[in-house]
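Engineer: If it helps, the file is called coords_9.csv and holds CSV, C-alpha atoms:
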chain,number,residue,atom,x,y,z
A,1,MET,CA,24.1,112.0,122.6
A,2,HIS,CA,21.8,115.0,122.2
A,3,GLU,CA,19.1,112.3,121.8
A,4,MET,CA,18.9,112.1,125.6
A,5,GLY,CA,18.0,115.8,125.9
A,6,ILE,CA,15.5,115.5,123.1
A,7,THR,CA,13.8,112.5,124.6
A,8,GLN,CA,13.6,114.4,127.9
A,9,GLU,CA,11.7,117.1,126.1
A,10,VAL,CA,9.4,114.5,124.5
A,11,LEU,CA,8.7,113.1,128.0
A,12,LEU,CA,8.1,116.5,129.6
A,13,ASN,CA,5.6,117.4,126.8
A,14,VAL,CA,3.7,114.2,127.0
A,15,VAL,CA,3.7,114.0,130.8
A,16,ASP,CA,2.3,117.5,131.1
A,17,ALA,CA,-0.4,117.0,128.5
A,18,ALA,CA,-1.3,113.6,130.1
A,19,ALA,CA,-1.6,115.2,133.5
A,20,ALA,CA,-3.8,118.0,132.0
A,21,ALA,CA,-6.1,115.3,130.5
A,22,HIS,CA,-6.1,113.3,133.8
A,23,ALA,CA,-4.8,110.3,131.9
A,24,THR,CA,-4.4,107.2,134.1
A,25,ARG,CA,-2.0,105.5,131.7
A,26,ILE,CA,0.1,106.5,128.7
A,27,ASN,CA,0.1,103.6,126.2
A,28,SER,CA,2.1,105.0,123.3
A,29,VAL,CA,3.8,108.2,122.0
A,30,THR,CA,4.2,109.0,118.3
A,31,LEU,CA,6.9,111.3,117.0
A,32,THR,CA,8.0,112.5,113.6
A,33,VAL,CA,11.7,112.8,113.0
A,34,GLY,CA,12.9,114.3,109.8
A,35,GLY,CA,15.3,112.4,107.6
A,36,LEU,CA,17.5,115.5,107.3
A,37,THR,CA,18.0,115.9,111.0
A,38,ASP,CA,21.0,114.5,112.9
A,39,ILE,CA,18.8,112.5,115.2
A,40,VAL,CA,19.3,108.8,115.4
A,41,PRO,CA,15.9,107.0,116.0
A,42,ASP,CA,17.6,104.1,117.7
A,43,SER,CA,19.2,106.5,120.2
A,44,LEU,CA,15.8,108.0,120.9
A,45,GLN,CA,14.5,104.5,121.7
A,46,PHE,CA,17.4,103.8,123.9
A,47,ALA,CA,16.9,107.1,125.8
A,48,TRP,CA,13.2,106.4,126.1
A,49,GLU,CA,14.0,103.1,127.7
A,50,CYS,CA,16.4,104.8,130.1
A,51,LEU,CA,14.2,107.8,131.0
A,52,THR,CA,10.6,106.4,131.3
A,53,PRO,CA,10.9,103.8,134.1
A,54,GLY,CA,9.4,105.4,137.2
A,55,SER,CA,7.7,108.2,135.2
A,56,PRO,CA,4.0,108.4,134.2
A,57,ALA,CA,5.1,107.1,130.7
A,58,GLU,CA,6.5,103.9,132.1
A,59,GLY,CA,5.8,101.1,129.7
A,60,ALA,CA,4.6,103.4,126.9
A,61,VAL,CA,5.7,102.4,123.4
A,62,LEU,CA,7.6,105.1,121.5
A,63,VAL,CA,6.6,105.1,117.8
A,64,ILE,CA,9.0,107.1,115.6
A,65,LEU,CA,7.8,108.1,112.1
A,66,GLU,CA,10.5,109.2,109.8
A,67,SER,CA,9.9,111.8,107.1
A,68,VAL,CA,11.9,111.8,104.0
A,69,GLY,CA,13.8,114.9,102.8
A,70,ARG,CA,11.9,116.9,100.1
A,71,SER,CA,12.9,120.2,98.5
A,72,VAL,CA,11.6,122.6,95.9
A,73,CYS,CA,13.9,124.0,93.2
A,74,LEU,CA,13.9,127.8,93.3
A,75,GLN,CA,15.0,127.8,89.7
A,76,CYS,CA,12.7,125.4,87.9
A,77,GLY,CA,10.0,124.9,90.6
A,78,VAL,CA,10.2,121.1,90.6
A,79,GLU,CA,9.7,119.3,93.9
A,80,PHE,CA,11.9,116.3,94.6
A,81,GLU,CA,12.9,113.8,97.3
A,82,HIS,CA,16.5,113.6,98.3
A,83,ASP,CA,18.8,112.1,100.9
A,84,LYS,CA,20.8,114.0,103.6
A,85,PHE,CA,23.8,114.5,101.4
A,86,ASP,CA,22.6,116.1,98.2
A,87,ARG,CA,19.9,118.7,97.9
A,88,HIS,CA,20.6,120.0,94.4
A,89,CYS,CA,18.0,119.8,91.7
A,90,GLU,CA,18.6,116.8,89.3
A,91,ALA,CA,16.1,118.3,86.8
A,92,CYS,CA,17.9,121.5,86.0
A,93,GLY,CA,21.1,121.2,88.0
A,94,SER,CA,20.5,124.2,90.2
A,95,PHE,CA,21.8,124.4,93.8
A,96,ALA,CA,19.2,127.0,94.8
A,97,THR,CA,16.7,124.7,96.5
A,98,GLN,CA,14.7,125.0,99.6
A,99,VAL,CA,13.8,122.2,102.0
A,100,ILE,CA,10.0,121.7,102.4
A,101,GLN,CA,10.1,118.4,104.4
A,102,GLY,CA,12.6,116.5,106.4
A,103,ASN,CA,13.6,118.8,109.2
A,104,GLU,CA,10.7,117.9,111.5
A,105,LEU,CA,11.2,117.1,115.1
A,106,ARG,CA,7.7,116.9,116.4
A,107,VAL,CA,5.6,115.1,119.0
A,108,ASP,CA,2.5,114.2,117.0
A,109,HIS,CA,0.2,112.5,119.5
A,110,PHE,CA,0.0,110.0,122.4
A,111,ASP,CA,-2.5,107.4,123.3
A,112,ALA,CA,-3.7,107.3,126.9
A,113,ASP,CA,-6.3,105.8,129.1
A,114,LEU,CA,-8.6,108.5,130.5
A,115,PRO,CA,-10.8,108.0,133.6
A,116,GLU,CA,-14.0,108.4,131.7
A,117,THR,CA,-13.2,105.7,129.1
A,118,ASP,CA,-10.7,103.7,131.1
A,119,GLY,CA,-9.3,102.7,127.7
A,120,THR,CA,-12.2,100.4,126.9
A,121,VAL,CA,-14.1,102.6,124.5
A,122,GLU,CA,-13.3,102.0,120.9
A,123,GLU,CA,-13.0,105.1,118.7
B,1,MET,CA,-7.8,107.6,123.5
B,2,GLU,CA,-5.5,109.5,121.2
B,3,ILE,CA,-4.5,113.0,122.3
B,4,ASP,CA,-3.1,115.3,119.6
B,5,LEU,CA,-0.1,117.4,120.5
B,6,SER,CA,1.5,118.3,117.1
B,7,ARG,CA,4.1,120.4,118.7
B,8,PRO,CA,7.9,120.8,118.1
B,9,ILE,CA,9.8,118.6,120.5
B,10,LEU,CA,12.1,121.5,121.2
B,11,ALA,CA,9.3,124.0,121.7
B,12,ARG,CA,10.6,125.1,125.1
B,13,ASN,CA,14.1,125.7,123.7
B,14,ASP,CA,12.6,127.5,120.6
B,15,ALA,CA,10.5,129.8,122.8
B,16,LEU,CA,13.6,130.7,124.9
B,17,ALA,CA,15.6,131.3,121.7
B,18,GLU,CA,12.9,133.7,120.4
B,19,GLY,CA,13.2,135.5,123.7
B,20,ASN,CA,16.9,135.8,123.3
B,21,ARG,CA,16.4,137.0,119.7
B,22,ALA,CA,14.0,139.7,120.8
B,23,ARG,CA,16.3,140.8,123.6
B,24,LEU,CA,19.3,141.0,121.3
B,25,ALA,CA,17.3,143.0,118.7
B,26,GLU,CA,16.0,145.4,121.3
B,27,SER,CA,19.5,146.2,122.5
B,28,GLY,CA,20.8,146.4,118.9
B,29,ALA,CA,23.3,143.5,119.3
B,30,PHE,CA,23.9,140.9,116.6
B,31,ALA,CA,24.7,137.3,117.8
B,32,LEU,CA,26.9,135.0,115.8
B,33,ASP,CA,26.9,131.3,116.7
B,34,VAL,CA,30.2,129.6,115.8
B,35,LEU,CA,30.1,125.8,115.3
B,36,ALA,CA,33.1,123.5,114.6
B,37,SER,CA,34.8,120.4,115.8
B,38,PRO,CA,37.3,120.5,118.7
B,39,GLY,CA,40.6,121.9,117.4
B,40,ALA,CA,39.3,123.5,114.2
B,41,GLY,CA,40.4,126.9,115.6
B,42,LYS,CA,37.2,128.4,116.9
B,43,THR,CA,38.8,130.5,119.6
B,44,THR,CA,41.7,131.6,117.4
B,45,THR,CA,39.2,132.5,114.6
B,46,ILE,CA,37.1,134.5,117.1
B,47,LEU,CA,40.2,136.4,118.2
B,48,ALA,CA,41.2,137.1,114.6
B,49,THR,CA,37.6,138.3,113.9
B,50,ILE,CA,37.7,140.5,117.0
B,51,ALA,CA,41.0,142.1,115.9
B,52,ALA,CA,39.5,142.8,112.4
B,53,LEU,CA,36.3,144.4,113.8
B,54,ARG,CA,37.0,145.9,117.2
B,55,GLU,CA,37.6,149.4,115.9
B,56,ARG,CA,34.1,149.3,114.4
B,57,TYR,CA,32.1,147.3,116.8
B,58,ARG,CA,31.7,146.7,120.5
B,59,ILE,CA,32.1,143.0,121.0
B,60,ALA,CA,31.6,140.4,123.7
B,61,VAL,CA,32.1,136.6,123.6
B,62,ILE,CA,30.1,133.8,125.2
B,63,GLU,CA,32.3,130.7,125.5
B,64,GLY,CA,30.6,127.3,125.7
B,65,ASP,CA,32.7,124.4,126.8
B,66,ILE,CA,32.1,121.1,128.7
B,67,ALA,CA,34.6,122.3,131.3
B,68,SER,CA,37.3,124.9,132.1
B,69,LYS,CA,37.6,128.7,131.7
B,70,VAL,CA,40.6,128.6,129.4
B,71,ASP,CA,38.8,130.1,126.4
B,72,ALA,CA,37.1,132.9,128.2
B,73,GLU,CA,40.4,133.8,129.8
B,74,LYS,CA,42.1,134.0,126.4
B,75,VAL,CA,39.4,136.4,125.2
B,76,LYS,CA,39.5,138.5,128.3
B,77,ALA,CA,43.3,138.8,127.9
B,78,HIS,CA,42.5,140.8,124.8
B,79,GLY,CA,40.3,143.3,126.8
B,80,ILE,CA,37.0,141.8,125.5
B,81,PRO,CA,34.2,141.0,127.9
B,82,ALA,CA,33.7,137.2,128.0
B,83,VAL,CA,31.5,134.8,129.9
B,84,GLN,CA,32.2,131.1,130.2
B,85,ILE,CA,29.4,128.6,130.1
B,86,ASN,CA,30.4,125.1,131.3
B,87,THR,CA,27.8,122.6,130.1
B,88,GLY,CA,29.1,120.0,132.6
B,89,GLY,CA,29.2,117.2,130.0
B,90,ALA,CA,26.4,118.4,127.6
B,91,CYS,CA,27.5,118.3,124.0
B,92,HIS,CA,25.9,121.6,122.9
B,93,LEU,CA,24.6,124.9,124.1
B,94,GLU,CA,20.9,125.5,124.7
B,95,ALA,CA,18.8,128.7,124.6
B,96,ASP,CA,18.4,128.9,128.4
B,97,MET,CA,22.2,128.9,128.9
B,98,ILE,CA,22.4,131.8,126.5
B,99,SER,CA,19.7,133.8,128.3
B,100,ARG,CA,21.7,133.5,131.5
B,101,ALA,CA,24.9,134.4,129.7
B,102,LEU,CA,23.2,137.5,128.3
B,103,ASP,CA,22.5,138.6,131.8
B,104,ALA,CA,26.3,138.6,132.5
B,105,ILE,CA,27.5,140.8,129.7
B,106,PRO,CA,26.8,144.5,129.1
B,107,LEU,CA,24.3,143.9,126.3
B,108,ALA,CA,23.1,147.5,126.0
B,109,GLU,CA,26.7,148.6,125.1
B,110,LEU,CA,27.3,145.9,122.5
B,111,ASP,CA,27.0,145.5,118.7
B,112,LEU,CA,28.2,142.0,118.4
B,113,VAL,CA,28.0,138.9,120.6
B,114,ILE,CA,30.0,136.0,119.4
B,115,ILE,CA,28.9,132.6,120.8
B,116,GLU,CA,31.5,129.8,120.7
B,117,ASN,CA,29.4,126.7,120.8
B,118,VAL,CA,30.7,123.4,122.2
B,119,GLY,CA,33.2,121.7,119.8
B,120,ASN,CA,30.8,119.3,118.0
B,121,LEU,CA,29.5,118.9,114.5
B,122,VAL,CA,26.3,117.1,115.3
B,123,CYS,CA,24.5,118.0,118.5
B,124,PRO,CA,24.3,121.8,118.3
B,125,THR,CA,22.4,121.9,115.0
B,126,GLU,CA,18.9,121.3,116.4
B,127,PHE,CA,19.2,123.8,119.2
B,128,ASP,CA,18.3,127.4,118.2
B,129,LEU,CA,20.0,129.9,120.5
B,130,GLY,CA,18.4,133.1,119.2
B,131,GLN,CA,21.5,133.9,117.1
B,132,GLY,CA,21.4,136.2,114.1
B,133,ALA,CA,23.6,133.9,112.0
B,134,ARG,CA,25.3,130.6,112.4
B,135,ILE,CA,28.6,129.7,110.8
B,136,VAL,CA,30.7,126.6,110.7
B,137,ILE,CA,34.5,126.4,110.7
B,138,LEU,CA,36.2,123.5,109.1
B,139,SER,CA,40.0,123.2,109.4
B,140,VAL,CA,42.1,121.7,106.6
B,141,PRO,CA,43.6,118.8,108.7
B,142,GLU,CA,40.0,117.5,109.3
B,143,GLY,CA,39.7,116.6,105.7
B,144,ASP,CA,37.6,117.6,102.7
B,145,ASP,CA,35.0,114.8,103.3
B,146,LYS,CA,33.5,116.3,106.5
B,147,PRO,CA,30.3,117.6,104.7
B,148,LEU,CA,29.6,114.0,103.8
B,149,LYS,CA,29.9,112.9,107.4
B,150,TYR,CA,28.1,115.9,109.0
B,151,PRO,CA,25.7,117.1,106.4
B,152,GLY,CA,23.2,118.8,108.8
B,153,ILE,CA,25.6,121.4,110.0
B,154,PHE,CA,27.0,122.3,106.6
B,155,ALA,CA,23.4,122.5,105.3
B,156,MET,CA,22.3,125.0,107.9
B,157,ALA,CA,25.5,127.2,108.1
B,158,GLU,CA,25.1,130.7,106.6
B,159,ALA,CA,28.9,130.9,106.0
B,160,ILE,CA,31.6,128.3,105.9
B,161,LEU,CA,35.1,129.2,107.0
B,162,LEU,CA,37.9,126.9,105.7
B,163,ASN,CA,40.6,127.5,108.3
B,164,LYS,CA,44.3,126.6,108.4
B,165,VAL,CA,44.7,127.1,104.7
B,166,ASP,CA,48.3,128.0,105.4
B,167,ALA,CA,48.9,124.3,106.1
B,168,ILE,CA,47.1,123.0,103.0
B,169,SER,CA,50.3,121.8,101.3
B,170,PHE,CA,50.8,119.3,104.1
B,171,PHE,CA,47.4,117.6,103.7
B,172,ASP,CA,45.6,115.9,100.9
B,173,PHE,CA,42.7,118.4,101.1
B,174,ASP,CA,40.8,118.5,97.8
B,175,GLU,CA,39.3,121.9,97.7
B,176,ALA,CA,37.2,121.3,94.6
B,177,ALA,CA,35.7,118.2,96.2
B,178,PHE,CA,35.0,120.1,99.4
B,179,ALA,CA,33.3,122.9,97.5
B,180,ASP,CA,31.2,120.5,95.5
B,181,SER,CA,29.9,118.6,98.5
B,182,VAL,CA,29.1,121.8,100.3
B,183,ARG,CA,27.2,123.1,97.3
B,184,ARG,CA,25.1,120.0,97.1
B,185,LEU,CA,24.0,120.7,100.7
B,186,ASN,CA,23.9,124.4,100.7
B,187,GLY,CA,23.4,126.6,97.6
B,188,THR,CA,23.9,129.9,99.3
B,189,ALA,CA,26.6,129.9,102.0
B,190,PRO,CA,29.9,131.4,100.9
B,191,ILE,CA,33.1,129.5,101.6
B,192,PHE,CA,35.9,131.7,103.1
B,193,ARG,CA,39.4,130.4,102.7
B,194,MET,CA,41.4,131.7,105.7
B,195,SER,CA,44.0,131.2,108.3
B,196,ALA,CA,43.3,132.6,111.7
B,197,LYS,CA,47.0,132.2,112.5
B,198,THR,CA,48.5,134.1,109.6
B,199,GLY,CA,45.5,136.4,109.0
B,200,GLU,CA,45.0,135.3,105.4
B,201,GLY,CA,41.4,135.7,104.3
B,202,VAL,CA,40.3,137.1,107.7
B,203,ALA,CA,39.4,140.5,106.2
B,204,GLU,CA,37.0,139.0,103.6
B,205,TRP,CA,35.2,137.0,106.2
B,206,ALA,CA,35.0,139.9,108.6
B,207,GLU,CA,33.5,142.1,105.9
B,208,TRP,CA,30.8,139.5,105.4
B,209,LEU,CA,30.0,139.5,109.1
B,210,ALA,CA,30.1,143.3,109.2
B,211,ALA,CA,27.5,143.4,106.3
B,212,ARG,CA,25.3,141.0,108.3
B,213,ILE,CA,25.6,143.2,111.4
B,214,GLU,CA,24.7,146.3,109.4
B,215,GLY,CA,21.8,144.4,107.7
B,216,ALA,CA,20.3,143.6,111.0
B,217,LYS,CA,20.2,147.2,112.2
Take the structure in the file and write it out as structure tokens.

Structural biologist:
Amino acid sequence: MHEMGITQEVLLNVVDAAAAAHATRINSVTLTVGGLTDIVPDSLQFAWECLTPGSPAEGAVLVILESVGRSVCLQCGVEFEHDKFDRHCEACGSFATQVIQGNELRVDHFDADLPETDGTVEE
Amino acid sequence: MEIDLSRPILARNDALAEGNRARLAESGAFALDVLASPGAGKTTTILATIAALRERYRIAVIEGDIASKVDAEKVKAHGIPAVQINTGGACHLEADMISRALDAIPLAELDLVIIENVGNLVCPTEFDLGQGARIVILSVPEGDDKPLKYPGIFAMAEAILLNKVDAISFFDFDEAAFADSVRRLNGTAPIFRMSAKTGEGVAEWAEWLAARIEGAK
């Protein structure tokens, strides 16, 4: 259950940034979680529901975007998508490949009401 | 209003890990993070590695466990400085725990710091500690299909130690299948067949580690 610790970091990051922006309410938080990581999105949601009540992010929706694994073959240069279990190049058979996407664990952005706009101004 | 953050979730841990890395580099010590399941033989492998390298290098061990001082006591009994971290339930070590542990060992007088992570094949993978290399130990009784169940850790390991090969005849461990599933995840990590108990294969693994220590100097 390292998802609890990871969610705690998400919350800290967002609460700090929201306080710096004088946000009055946090509506949603968007993360990207790479498909090659050992992070279970459902567990992040569960941890979010456990950790946010009583915090400035109470009631905020957690949006988790998943990025698919992508590697480049160091032998033939082809870029390809793959699952967690097999990163070898189907094109030339090489095992010398390098991940270019799928290891992300990132807070992208959050949506908040600010005193100036009070959440009523459309972007 | 949308506020952009675009920041790694574990930015705080990553920054502390970079601090550890700088501190280790400055004092000329190489840190090895050892990952494995409970019972794979982490402590026994660490002791065998120490026996192979202690004439050449000054070594200390950081032991990570949920509770107890058993492992640190075992290492200390061999005359090696050891510090025990008890995570109190947490399933992995984090960089701040390592920075405190580095305060408790004579870093300036060391060449190698071996970190025994909490026995777990999932949780430690996302947490950089500031190590110079990360390895995973798999023991034969755990089965050849472990890379298919815990791909993340086998993908990131820089070397894979297949421990307890002295017992391989008692288990249906398909070494070719194991090597194949590792290759599909990780095209570069060598697999060392070894037995920490009998000493088989320990020298080859220890030479790999020695080359990494020398390479970091």

Engineer: What's the 12 Å shell around Asn13 (chain A), counting all atoms listed in the file, without same-chain residues fewer than 6 positions away, as a ChimeraX atom specification?

Structural biologist: /A:6-7,19-20,29,31,56-57,106-110 /B:3-12

Engineer: Define the interface residues of chain B facing chain A as those within 9 Å, counting all atoms listed in the file, and report them as a PyMOL selection string.

Structural biologist: chain B and resi 1-12+90-92+122-126+147-153+155+181-188

Engineer: Kindly provide, as a PyMOL selection string, the polymer residues lying within 8 Å of (19.9, 133.7, 116.3), counting all atoms listed in the file and using the coordinates exactly as they appear in the file.

Structural biologist: chain B and resi 17+20-21+31-33+128-134

Engineer: For region 166-179 of chain B, please output as a short mmCIF file (atom, residue, chain, number, x, y, z; two decimals) with C-alpha atoms, in the frame of the given file all residues within 12 Å (counting all atoms listed in the file; exclusion window: fewer than 5 positions along the same chain).

Structural biologist:
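As a result, part.cif now contains:
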data_model
loop_
_atom_site.label_atom_id
_atom_site.label_comp_id
_atom_site.auth_asym_id
_atom_site.auth_seq_id
_atom_site.Cartn_x
_atom_site.Cartn_y
_atom_site.Cartn_z
CA LEU B 138 36.20 123.50 109.10
CA SER B 139 40.00 123.20 109.40
CA VAL B 140 42.10 121.70 106.60
CA PRO B 141 43.60 118.80 108.70
CA GLU B 142 40.00 117.50 109.30
CA GLY B 143 39.70 116.60 105.70
CA ASP B 144 37.60 117.60 102.70
CA ASP B 145 35.00 114.80 103.30
CA LYS B 146 33.50 116.30 106.50
CA PRO B 147 30.30 117.60 104.70
CA LEU B 148 29.60 114.00 103.80
CA LYS B 149 29.90 112.90 107.40
CA PHE B 154 27.00 122.30 106.60
CA ILE B 160 31.60 128.30 105.90
CA LEU B 161 35.10 129.20 107.00
CA ARG B 184 25.10 120.00 97.10
CA LEU B 185 24.00 120.70 100.70
CA ASN B 186 23.90 124.40 100.70
CA GLY B 187 23.40 126.60 97.60
CA THR B 188 23.90 129.90 99.30
CA ALA B 189 26.60 129.90 102.00
CA PRO B 190 29.90 131.40 100.90
CA ILE B 191 33.10 129.50 101.60
CA PHE B 192 35.90 131.70 103.10
CA ARG B 193 39.40 130.40 102.70
CA MET B 194 41.40 131.70 105.70
CA SER B 195 44.00 131.20 108.30
CA ALA B 196 43.30 132.60 111.70
CA LYS B 197 47.00 132.20 112.50
CA THR B 198 48.50 134.10 109.60
CA GLY B 199 45.50 136.40 109.00
CA GLU B 200 45.00 135.30 105.40
CA GLY B 201 41.40 135.70 104.30
#

Engineer: Could you work out how far CA of Ala159 (chain B) lies from CA of Trp205 (chain B), giving the answer in Å with one decimal?

Structural biologist: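 It comes out at 8.8 Å.
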
Engineer: Find the residues around region 58-74 of chain B up to 9 Å (only C-alpha atoms counted), leave out those fewer than 5 positions away in its own chain, and share them as a ChimeraX atom specification.

Structural biologist: /B:29,43,46-47,50,53,80-93,98,101-102,105-107,109-119

Engineer: One decimal, Å: what's the distance from CA of Thr44 (chain B) over to CA of Asn120 (chain B), could you say?

Structural biologist: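 Here the two named atoms are 16.4 Å from each other.
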
Engineer: Could you check which of A:Val15, A:Ile100, A:Leu44, A:Ala91 is closest to Ser71 (chain A), using only C-alpha atoms?

Structural biologist: A:Ile100

Engineer: Mind pulling up the distance from CA of Ala51 (chain B) to CA of Glu204 (chain B)?

Structural biologist: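 Interatomic distance here is 13.3 Å.
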